[in-house]
>>> print(open('query-v3.cif').read())   # mmCIF, C-alpha atoms
data_coords
loop_
_atom_site.label_atom_id
_atom_site.label_comp_id
_atom_site.auth_asym_id
_atom_site.auth_seq_id
_atom_site.Cartn_x
_atom_site.Cartn_y
_atom_site.Cartn_z
CA MET Q 1 64.84 105.40 152.02
CA LYS Q 2 65.20 102.59 149.52
CA GLU Q 3 62.33 103.99 147.43
CA LEU Q 4 63.88 107.46 147.42
CA LYS Q 5 67.18 106.04 146.17
CA ILE Q 6 65.39 104.21 143.36
CA PHE Q 7 63.49 107.38 142.47
CA GLY Q 8 66.73 109.35 142.42
CA ILE Q 9 68.40 106.84 140.09
CA VAL Q 10 65.43 106.82 137.69
CA ALA Q 11 65.22 110.63 137.71
CA ALA Q 12 68.96 111.00 137.05
CA PHE Q 13 68.88 108.45 134.23
CA THR Q 14 65.89 110.20 132.64
CA LEU Q 15 67.57 113.61 132.81
CA ILE Q 16 70.76 112.23 131.27
CA LEU Q 17 68.78 110.77 128.39
CA TYR Q 18 66.75 113.94 127.82
CA TRP Q 19 69.50 116.51 128.18
CA GLY Q 20 72.16 114.37 126.54
CA VAL Q 21 70.55 112.37 123.77
CA GLU Q 22 67.71 114.68 122.64
CA PRO Q 23 69.82 117.81 122.06
CA PHE Q 24 72.48 115.71 120.31
CA ALA Q 25 69.88 114.16 117.99
CA HIS Q 26 68.43 117.60 117.27
CA SER Q 27 71.88 119.00 116.47
CA GLN Q 28 72.42 116.23 113.95
CA MET Q 29 69.06 116.82 112.26
CA HIS Q 30 69.14 120.63 112.25
CA LYS Q 31 72.23 122.77 111.88
CA HIS Q 32 72.75 125.47 114.48
CA VAL Q 33 72.74 129.01 113.13
CA GLU Q 34 74.24 131.83 115.14
CA GLY Q 35 72.21 135.00 114.95
CA ASP Q 36 73.60 138.49 114.44
CA ASP Q 37 71.46 140.05 117.19
CA LEU Q 38 69.78 142.17 114.49
CA LYS Q 39 72.97 144.14 113.91
CA TYR Q 40 72.98 143.51 110.13
CA SER Q 41 76.75 143.44 110.17
CA ASP Q 42 76.95 142.98 106.40
CA LEU Q 43 75.69 146.55 105.95
CA LYS Q 44 77.92 149.59 106.37
CA PRO Q 45 77.09 152.02 109.19
CA LEU Q 46 75.46 155.29 108.15
CA THR Q 47 77.87 158.21 107.93
CA VAL Q 48 75.27 160.99 107.74
CA LYS Q 49 72.47 162.24 109.95
CA GLY Q 50 68.95 162.33 108.60
CA ASP Q 51 66.81 165.46 108.28
CA ALA Q 52 63.14 164.60 108.84
CA LYS Q 53 61.87 167.82 107.29
CA ARG Q 54 63.74 167.25 104.06
CA GLY Q 55 62.83 163.58 104.18
CA GLU Q 56 59.13 164.41 104.15
CA SER Q 57 59.25 165.74 100.60
CA LEU Q 58 61.36 162.80 99.47
CA ALA Q 59 59.00 160.30 101.06
CA MET Q 60 56.07 161.56 99.01
CA ALA Q 61 57.41 159.48 96.12
CA CYS Q 62 56.47 156.40 98.16
CA ILE Q 63 52.72 157.06 98.05
CA GLY Q 64 52.66 156.00 94.42
CA CYS Q 65 52.66 152.43 95.78
CA HIS Q 66 52.33 152.65 99.57
CA SER Q 67 49.84 154.07 102.04
CA ILE Q 68 50.82 156.14 105.09
CA ASP Q 69 47.77 155.83 107.32
CA VAL Q 70 49.12 157.99 110.15
CA LYS Q 71 49.15 160.87 107.66
CA ASN Q 72 45.78 159.95 106.15
CA MET Q 73 47.40 159.00 102.86
CA PRO Q 74 45.61 155.96 101.43
CA ALA Q 75 47.11 153.43 99.06
CA PRO Q 76 46.56 154.20 95.36
CA MET Q 77 44.86 150.81 94.89
CA ASP Q 78 43.40 148.00 97.00
CA ALA Q 79 45.32 144.86 97.96
CA VAL Q 80 44.07 142.73 95.07
CA ALA Q 81 44.80 145.36 92.42
CA ALA Q 82 48.23 145.93 93.97
CA ALA Q 83 49.01 142.21 93.81
CA GLN Q 84 47.99 142.14 90.17
CA SER Q 85 50.40 145.00 89.51
CA PHE Q 86 53.31 144.15 91.82
CA GLY Q 87 52.79 140.51 92.86
CA VAL Q 88 52.20 141.50 96.49
CA ASN Q 89 50.48 144.36 98.28
CA PRO Q 90 53.06 147.00 99.34
CA PRO Q 91 52.94 147.66 103.11
CA ASP Q 92 51.57 150.69 104.86
CA LEU Q 93 54.61 152.71 105.94
CA SER Q 94 53.23 154.14 109.17
CA LEU Q 95 55.25 151.70 111.29
CA ALA Q 96 58.40 151.56 109.17
CA GLY Q 97 60.30 154.03 111.32
CA LYS Q 98 59.23 152.22 114.48
CA LEU Q 99 59.86 148.57 113.62
CA LEU Q 100 62.68 148.61 111.05
CA ASP Q 101 66.35 148.83 111.91
CA GLU Q 102 67.55 152.30 110.94
CA LYS Q 103 70.67 151.13 109.11
CA PHE Q 104 68.77 148.38 107.28
CA PHE Q 105 65.99 150.79 106.31
CA ALA Q 106 68.44 153.27 104.78
CA HIS Q 107 70.31 150.63 102.79
CA PHE Q 108 67.00 149.13 101.71
CA LEU Q 109 65.97 152.44 100.16
CA LEU Q 110 69.23 152.47 98.20
CA ASN Q 111 69.24 148.86 97.00
CA PRO Q 112 66.15 146.79 97.98
CA ALA Q 113 67.02 143.58 96.10
CA GLU Q 114 70.54 143.32 97.50
CA VAL Q 115 69.59 144.18 101.08
CA THR Q 116 66.61 141.82 101.23
CA LYS Q 117 68.68 138.97 99.73
CA SER Q 118 65.73 137.95 97.58
CA LYS Q 119 65.71 137.73 93.80
CA HIS Q 120 61.91 137.97 93.97
CA PHE Q 121 62.01 141.45 95.43
CA ALA Q 122 61.32 143.75 92.50
CA MET Q 123 60.98 147.12 94.25
CA PRO Q 124 63.21 149.80 92.65
CA PRO Q 125 65.51 152.03 94.75
CA SER Q 126 63.75 154.92 96.52
CA ALA Q 127 66.82 157.03 97.29
CA SER Q 128 69.73 158.13 95.12
CA SER Q 129 72.19 158.93 97.90
CA GLU Q 130 72.93 157.98 101.49
CA GLN Q 131 71.79 161.43 102.61
CA ASP Q 132 68.44 161.05 100.86
CA ALA Q 133 67.97 157.61 102.44
CA ALA Q 134 68.86 158.90 105.91
CA ASP Q 135 66.42 161.82 105.49
CA ILE Q 136 63.56 159.50 104.49
CA VAL Q 137 64.29 157.21 107.44
CA ALA Q 138 64.33 160.22 109.79
CA TYR Q 139 60.93 161.29 108.48
CA PHE Q 140 59.33 157.91 109.01
CA LYS Q 141 60.80 157.71 112.50
CA SER Q 142 59.30 161.13 113.29
CA ILE Q 143 55.75 160.11 112.29
CA ALA Q 144 55.74 156.57 113.73
CA PRO Q 145 53.29 155.91 116.59
CA LYS Q 146 54.70 155.43 120.08
CA GLU Q 147 52.81 152.19 120.72
CA VAL Q 148 52.41 149.22 118.40
CA THR Q 149 50.42 146.07 119.11
CA PRO Q 150 51.84 142.60 118.34
CA LYS Q 151 49.26 142.12 115.59
CA GLU Q 152 50.17 145.44 113.98
CA GLY Q 153 53.80 144.33 113.99
CA TYR Q 154 52.87 141.02 112.38
CA VAL Q 155 50.70 142.64 109.72
CA PHE Q 156 53.48 145.07 108.82
CA ALA Q 157 56.29 142.50 108.66
CA CYS Q 158 54.53 139.27 107.65
CA GLY Q 159 50.81 139.67 107.09
CA ARG Q 160 50.77 140.51 103.39
CA CYS Q 161 52.31 137.13 102.53
CA HIS Q 162 51.40 134.88 105.47
CA ALA Q 163 47.90 134.13 106.70
CA ASN Q 164 47.08 133.14 110.29
CA ARG Q 165 43.82 131.20 110.31
CA TYR Q 166 43.79 130.88 114.12
CA ASP Q 167 43.33 134.65 114.27
CA LYS Q 168 41.15 134.72 111.12
CA TRP Q 169 43.79 136.78 109.35
CA THR Q 170 44.31 136.54 105.60
CA GLN Q 171 46.80 138.21 103.29
CA ILE Q 172 44.19 140.88 102.48
CA GLY Q 173 42.93 141.45 106.03
CA ASP Q 174 40.70 139.94 108.69
CA VAL Q 175 38.00 137.53 107.57
CA PRO Q 176 34.86 139.72 107.62
CA LYS Q 177 31.75 138.81 109.59
CA THR Q 178 28.99 138.30 107.06
CA LYS Q 179 25.50 136.82 106.99
CA SER Q 180 23.75 134.49 104.57
CA ASN Q 181 20.59 135.56 102.80
CA ILE Q 182 17.64 134.29 104.84
CA LYS Q 183 15.72 133.07 101.80
CA THR Q 184 18.53 131.50 99.77
CA GLY Q 185 21.08 130.64 102.45
CA VAL Q 186 23.79 132.14 100.22
CA ASP Q 187 26.37 134.52 101.70
CA LEU Q 188 27.34 136.66 98.72
CA ASP Q 189 29.65 138.88 100.78
CA ALA Q 190 31.63 135.86 102.00
CA LEU Q 191 31.86 134.49 98.47
CA GLU Q 192 33.07 137.85 97.18
CA PHE Q 193 35.75 137.99 99.88
CA LYS Q 194 36.91 134.45 99.04
CA LYS Q 195 37.10 135.40 95.38
CA LYS Q 196 39.28 138.43 96.15
CA LEU Q 197 41.45 136.39 98.50
CA GLY Q 198 41.87 133.65 95.90
CA THR Q 199 42.89 136.18 93.26
CA TYR Q 200 45.42 137.74 95.62
CA GLN Q 201 46.86 134.38 96.68
CA ASN Q 202 47.25 133.26 93.07
CA LYS Q 203 49.19 136.41 92.20
CA LEU Q 204 51.27 136.07 95.37
CA ALA Q 205 52.10 132.43 94.56
CA ASP Q 206 53.19 133.44 91.05
CA TYR Q 207 55.36 136.22 92.49
CA MET Q 208 57.01 134.15 95.25
CA GLY Q 209 57.15 130.81 93.45
CA LYS Q 210 54.57 129.27 95.80
CA LEU Q 211 52.07 130.49 98.35
CA PRO Q 212 53.84 131.34 101.63
CA PRO Q 213 52.66 129.08 104.50
CA ASP Q 214 50.05 129.88 107.12
CA LEU Q 215 51.85 130.75 110.37
CA SER Q 216 49.16 129.76 112.86
CA ILE Q 217 51.22 127.04 114.56
CA ILE Q 218 54.75 127.98 113.52
CA TYR Q 219 55.53 129.06 117.09
CA ARG Q 220 54.91 125.50 118.30
CA ALA Q 221 56.44 123.81 115.26
CA ARG Q 222 59.79 125.59 115.46
CA SER Q 223 62.08 126.70 118.27
CA GLU Q 224 62.23 130.31 119.33
CA HIS Q 225 65.87 130.51 118.24
CA PHE Q 226 65.01 129.17 114.78
CA LEU Q 227 62.23 131.70 114.31
CA GLU Q 228 64.34 134.63 115.47
CA THR Q 229 67.29 133.77 113.23
CA PHE Q 230 65.00 132.94 110.30
CA ILE Q 231 63.19 136.26 110.58
CA GLU Q 232 66.53 138.06 110.90
CA ASP Q 233 67.96 136.36 107.80
CA PRO Q 234 65.84 133.70 106.06
CA GLN Q 235 68.79 132.58 103.92
CA SER Q 236 70.73 131.50 107.01
CA GLN Q 237 68.20 128.80 107.83
CA LEU Q 238 66.78 128.06 104.39
CA PRO Q 239 69.20 128.91 101.56
CA GLY Q 240 67.41 129.78 98.35
CA THR Q 241 64.13 130.71 100.01
CA ALA Q 242 62.08 133.40 98.29
CA MET Q 243 61.31 135.11 101.59
CA PRO Q 244 63.09 138.48 101.80
CA ARG Q 245 65.01 139.75 104.79
CA VAL Q 246 62.61 142.24 106.35
CA GLY Q 247 65.06 144.19 108.55
CA LEU Q 248 63.21 144.33 111.86
CA ASN Q 249 64.77 145.93 114.91
CA HIS Q 250 64.46 144.38 118.38
CA GLU Q 251 61.06 145.90 119.04
CA GLY Q 252 59.77 144.71 115.69
CA LEU Q 253 61.00 141.17 116.32
CA GLU Q 254 59.45 141.16 119.81
CA LYS Q 255 56.07 142.23 118.40
CA VAL Q 256 56.07 139.52 115.73
CA MET Q 257 57.15 136.81 118.18
CA ALA Q 258 54.52 137.92 120.71
CA TYR Q 259 51.80 137.66 118.09
CA LEU Q 260 52.95 134.23 116.89
CA GLU Q 261 53.00 133.02 120.49
CA SER Q 262 49.54 134.40 121.26
CA THR Q 263 47.97 132.68 118.26
CA GLY Q 264 50.03 129.49 118.17
CA ASP Q 265 50.09 128.81 121.91
CA PRO Q 266 47.24 130.81 123.49
CA SER Q 267 47.04 128.55 126.54
CA LYS Q 268 50.65 129.22 127.58
CA PRO Q 269 49.84 131.91 130.22
CA LYS Q 270 47.26 129.65 131.89
CA ARG Q 271 49.62 126.68 131.69
CA GLU Q 272 52.44 128.64 133.28
CA ALA Q 273 50.11 129.93 136.00
CA ILE Q 274 48.90 126.46 136.99
CA GLY Q 275 52.35 124.84 136.73
CA PRO Q 276 53.64 125.87 140.20
CA LYS Q 277 50.36 124.73 141.77
CA VAL Q 278 50.65 121.30 140.17
CA LEU Q 279 54.26 120.95 141.28
CA GLY Q 280 53.28 122.04 144.78
CA PHE Q 281 50.55 119.41 144.84
CA PHE Q 282 52.98 116.65 143.87
CA VAL Q 283 55.48 117.74 146.54
CA ILE Q 284 52.79 117.71 149.25
CA PHE Q 285 51.34 114.43 147.95
CA ALA Q 286 54.81 112.80 147.89
CA PHE Q 287 55.46 113.94 151.47
CA LEU Q 288 52.10 112.59 152.71
CA ALA Q 289 52.65 109.33 150.81
CA PHE Q 290 56.04 108.97 152.45
CA LEU Q 291 54.53 109.52 155.90
CA TRP Q 292 51.76 107.04 155.14
CA LYS Q 293 54.25 104.41 153.93
CA LYS Q 294 56.39 104.96 157.01
CA SER Q 295 53.35 104.52 159.25
CA ILE Q 296 52.12 101.34 157.52
CA TRP Q 297 55.51 99.66 157.51
CA LYS Q 298 56.43 100.71 161.04
CA GLY Q 299 57.58 97.66 162.98
CA HIS Q 300 57.85 95.40 159.89
CA HIS Q 301 61.56 95.92 159.20
#
>>> encode(input="query-v3.cif", output="structure tokens")
Amino acid sequence: MKELKIFGIVAAFTLILYWGVEPFAHSQMHKHVEGDDLKYSDLKPLTVKGDAKRGESLAMACIGCHSIDVKNMPAPMDAVAAAQSFGVNPPDLSLAGKLLDEKFFAHFLLNPAEVTKSKHFAMPPSASSEQDAADIVAYFKSIAPKEVTPKEGYVFACGRCHANRYDKWTQIGDVPKTKSNIKTGVDLDALEFKKKLGTYQNKLADYMGKLPPDLSIIYRARSEHFLETFIEDPQSQLPGTAMPRVGLNHEGLEKVMAYLESTGDPSKPKREAIGPKVLGFFVIFAFLAFLWKKSIWKGHH
């Protein structure tokens, strides 16, 4: 029993240090930011109901810059040309009605720069009244797909500015599989892709002030709370950042977080699966060791 008492004291002391000192040190190094649970409380609630049919005609003004793949409406230019014109490639709007908060989306159409809280956001207003904005939002909600993968969510919300090298994703799409010329050993297709990517990244860096970081390991580098509040409102965690507020709803945030977790910590499911087995082994081993110790020292006390 003496050994168990010593173990208990050591365990208690370790827990006190970890749960007392470590969180305190973290709180001193990083301020705590309370999230808004994606309510976007700074924006006024909508007072009108959207009409999807009317919104369809209004939304056609968007295809001058954006694609709508679910309606087979391609973008007017490729990603590189778009970056040269706008600084960044405008997103495909197929998922806008699925992943964006309805209130945020409507206010964004009325005043993009103010709603995104980013001076770098140069998109002009797309609606002249609250009714027009509500109608456009209703239209995009009506055409949005029922199911969205985590990667699709990431590409829509983050992928035009942030690469993810662990998933071979770049700001202009997946790294293509190419082959070198057998005689020369030169892969012209790969070189052409790198050239396009470099051109895009240069324009993006000029537009944002610097090239946005690769997010391959951000899930492991930052806490889940930090990421959620930062995505909800970048200015709350990093005042002055060029990153705009993207206006995701809960489903949109879940998709992005799931993708970041799958690429930044792909071994987590296996680790969680084997965890109970390891703990079980230690419990059984500790019990057998106790019985062995009791047997060896029997009669010596």
>>> residues_around(input="query-v3.cif", residues="Leu248 of chain Q", least_positions_apart="5", cutoff="12 Å", atoms="only C-alpha atoms", output="NGL selection string")
:Q and (37-40 or 95-105 or 108 or 116 or 153-154 or 156-158 or 228-233 or 253-257)
>>> resolve_selection(input="query-v3.cif", expression="the PyMOL selection byres ((chain Q and resi 235-237) around 9)", output="CSV table (one decimal) with C-alpha atoms, keeping the file's coordinate frame")
chain,number,residue,atom,x,y,z
Q,31,LYS,CA,72.2,122.8,111.9
Q,32,HIS,CA,72.8,125.5,114.5
Q,33,VAL,CA,72.7,129.0,113.1
Q,34,GLU,CA,74.2,131.8,115.1
Q,35,GLY,CA,72.2,135.0,115.0
Q,117,LYS,CA,68.7,139.0,99.7
Q,118,SER,CA,65.7,138.0,97.6
Q,226,PHE,CA,65.0,129.2,114.8
Q,229,THR,CA,67.3,133.8,113.2
Q,230,PHE,CA,65.0,132.9,110.3
Q,232,GLU,CA,66.5,138.1,110.9
Q,233,ASP,CA,68.0,136.4,107.8
Q,234,PRO,CA,65.8,133.7,106.1
Q,238,LEU,CA,66.8,128.1,104.4
Q,239,PRO,CA,69.2,128.9,101.6
Q,240,GLY,CA,67.4,129.8,98.4
Q,241,THR,CA,64.1,130.7,100.0
Q,242,ALA,CA,62.1,133.4,98.3
Q,243,MET,CA,61.3,135.1,101.6
Q,244,PRO,CA,63.1,138.5,101.8
Q,245,ARG,CA,65.0,139.8,104.8
>>> resolve_selection(input="query-v3.cif", expression="the PyMOL selection byres ((chain Q and resi 207) around 10)", output="count of residues only")
19
>>> resolve_selection(input="query-v3.cif", expression="the PyMOL selection byres ((chain Q and resi 126-135) around 8)", output="PyMOL selection string")
chain Q and resi 46+48-56+58+61-62+106-107+109-110+124-125+136-139
>>> closest_residue(input="query-v3.cif", among="Q:Val283, Q:Leu227, Q:Ile296, Q:Val175", to="Leu191 of chain Q", atoms="all atoms listed in the file")
Q:Val175
>>> atom_distance(input="query-v3.cif", atom1="atom CA of Ser57 of chain Q", atom2="atom CA of Ser142 of chain Q")
13.5 Å
>>> closest_residue(input="query-v3.cif", among="Q:Glu147, Q:Asp69, Q:Glu192, Q:Asp214", to="Thr170 of chain Q", atoms="all atoms listed in the file")
Q:Asp214
>>> atom_distance(input="query-v3.cif", atom1="atom CA of Leu4 of chain Q", atom2="atom CA of Phe290 of chain Q")
9.4 Å
>>> atom_distance(input="query-v3.cif", atom1="atom CA of Lys194 of chain Q", atom2="atom CA of Val155 of chain Q")
19.3 Å
>>> axis_aligned_box(input="query-v3.cif", around="segment 126-131 of chain Q", padding_each_side="8 Å", output="JSON")
{"center_x": 68.3, "center_y": 158.2, "center_z": 98.9, "size_x": 25.2, "size_y": 22.5, "size_z": 23.5}
>>> build_atoms(input="query-v3.cif", residues="segment 270-282 of chain Q", atoms="N, CA and C atoms", output="CSV table (one decimal), keeping the file's coordinate frame")
chain,number,residue,atom,x,y,z
Q,270,LYS,N,48.0,130.5,130.9
Q,270,LYS,CA,47.3,129.6,131.9
Q,270,LYS,C,48.1,128.4,132.3
Q,271,ARG,N,48.8,127.9,131.4
Q,271,ARG,CA,49.6,126.7,131.7
Q,271,ARG,C,50.7,127.1,132.6
Q,272,GLU,N,51.4,128.2,132.4
Q,272,GLU,CA,52.4,128.6,133.3
Q,272,GLU,C,51.9,129.0,134.7
Q,273,ALA,N,50.7,129.5,134.7
Q,273,ALA,CA,50.1,129.9,136.0
Q,273,ALA,C,49.8,128.7,136.9
Q,274,ILE,N,49.3,127.6,136.2
Q,274,ILE,CA,48.9,126.5,137.0
Q,274,ILE,C,50.1,125.5,137.3
Q,275,GLY,N,51.2,125.7,136.5
Q,275,GLY,CA,52.4,124.8,136.7
Q,275,GLY,C,52.9,124.8,138.2
Q,276,PRO,N,53.1,125.9,138.8
Q,276,PRO,CA,53.6,125.9,140.2
Q,276,PRO,C,52.7,125.2,141.2
Q,277,LYS,N,51.4,125.4,140.9
Q,277,LYS,CA,50.4,124.7,141.8
Q,277,LYS,C,50.4,123.2,141.6
Q,278,VAL,N,50.6,122.7,140.4
Q,278,VAL,CA,50.6,121.3,140.2
Q,278,VAL,C,51.9,120.7,140.8
Q,279,LEU,N,53.0,121.4,140.7
Q,279,LEU,CA,54.3,121.0,141.3
Q,279,LEU,C,54.1,120.9,142.8
Q,280,GLY,N,53.5,122.0,143.3
Q,280,GLY,CA,53.3,122.0,144.8
Q,280,GLY,C,52.4,120.9,145.3
Q,281,PHE,N,51.4,120.5,144.5
Q,281,PHE,CA,50.6,119.4,144.8
Q,281,PHE,C,51.3,118.1,144.9
Q,282,PHE,N,52.2,117.9,143.9
Q,282,PHE,CA,53.0,116.6,143.9
Q,282,PHE,C,54.0,116.6,145.0
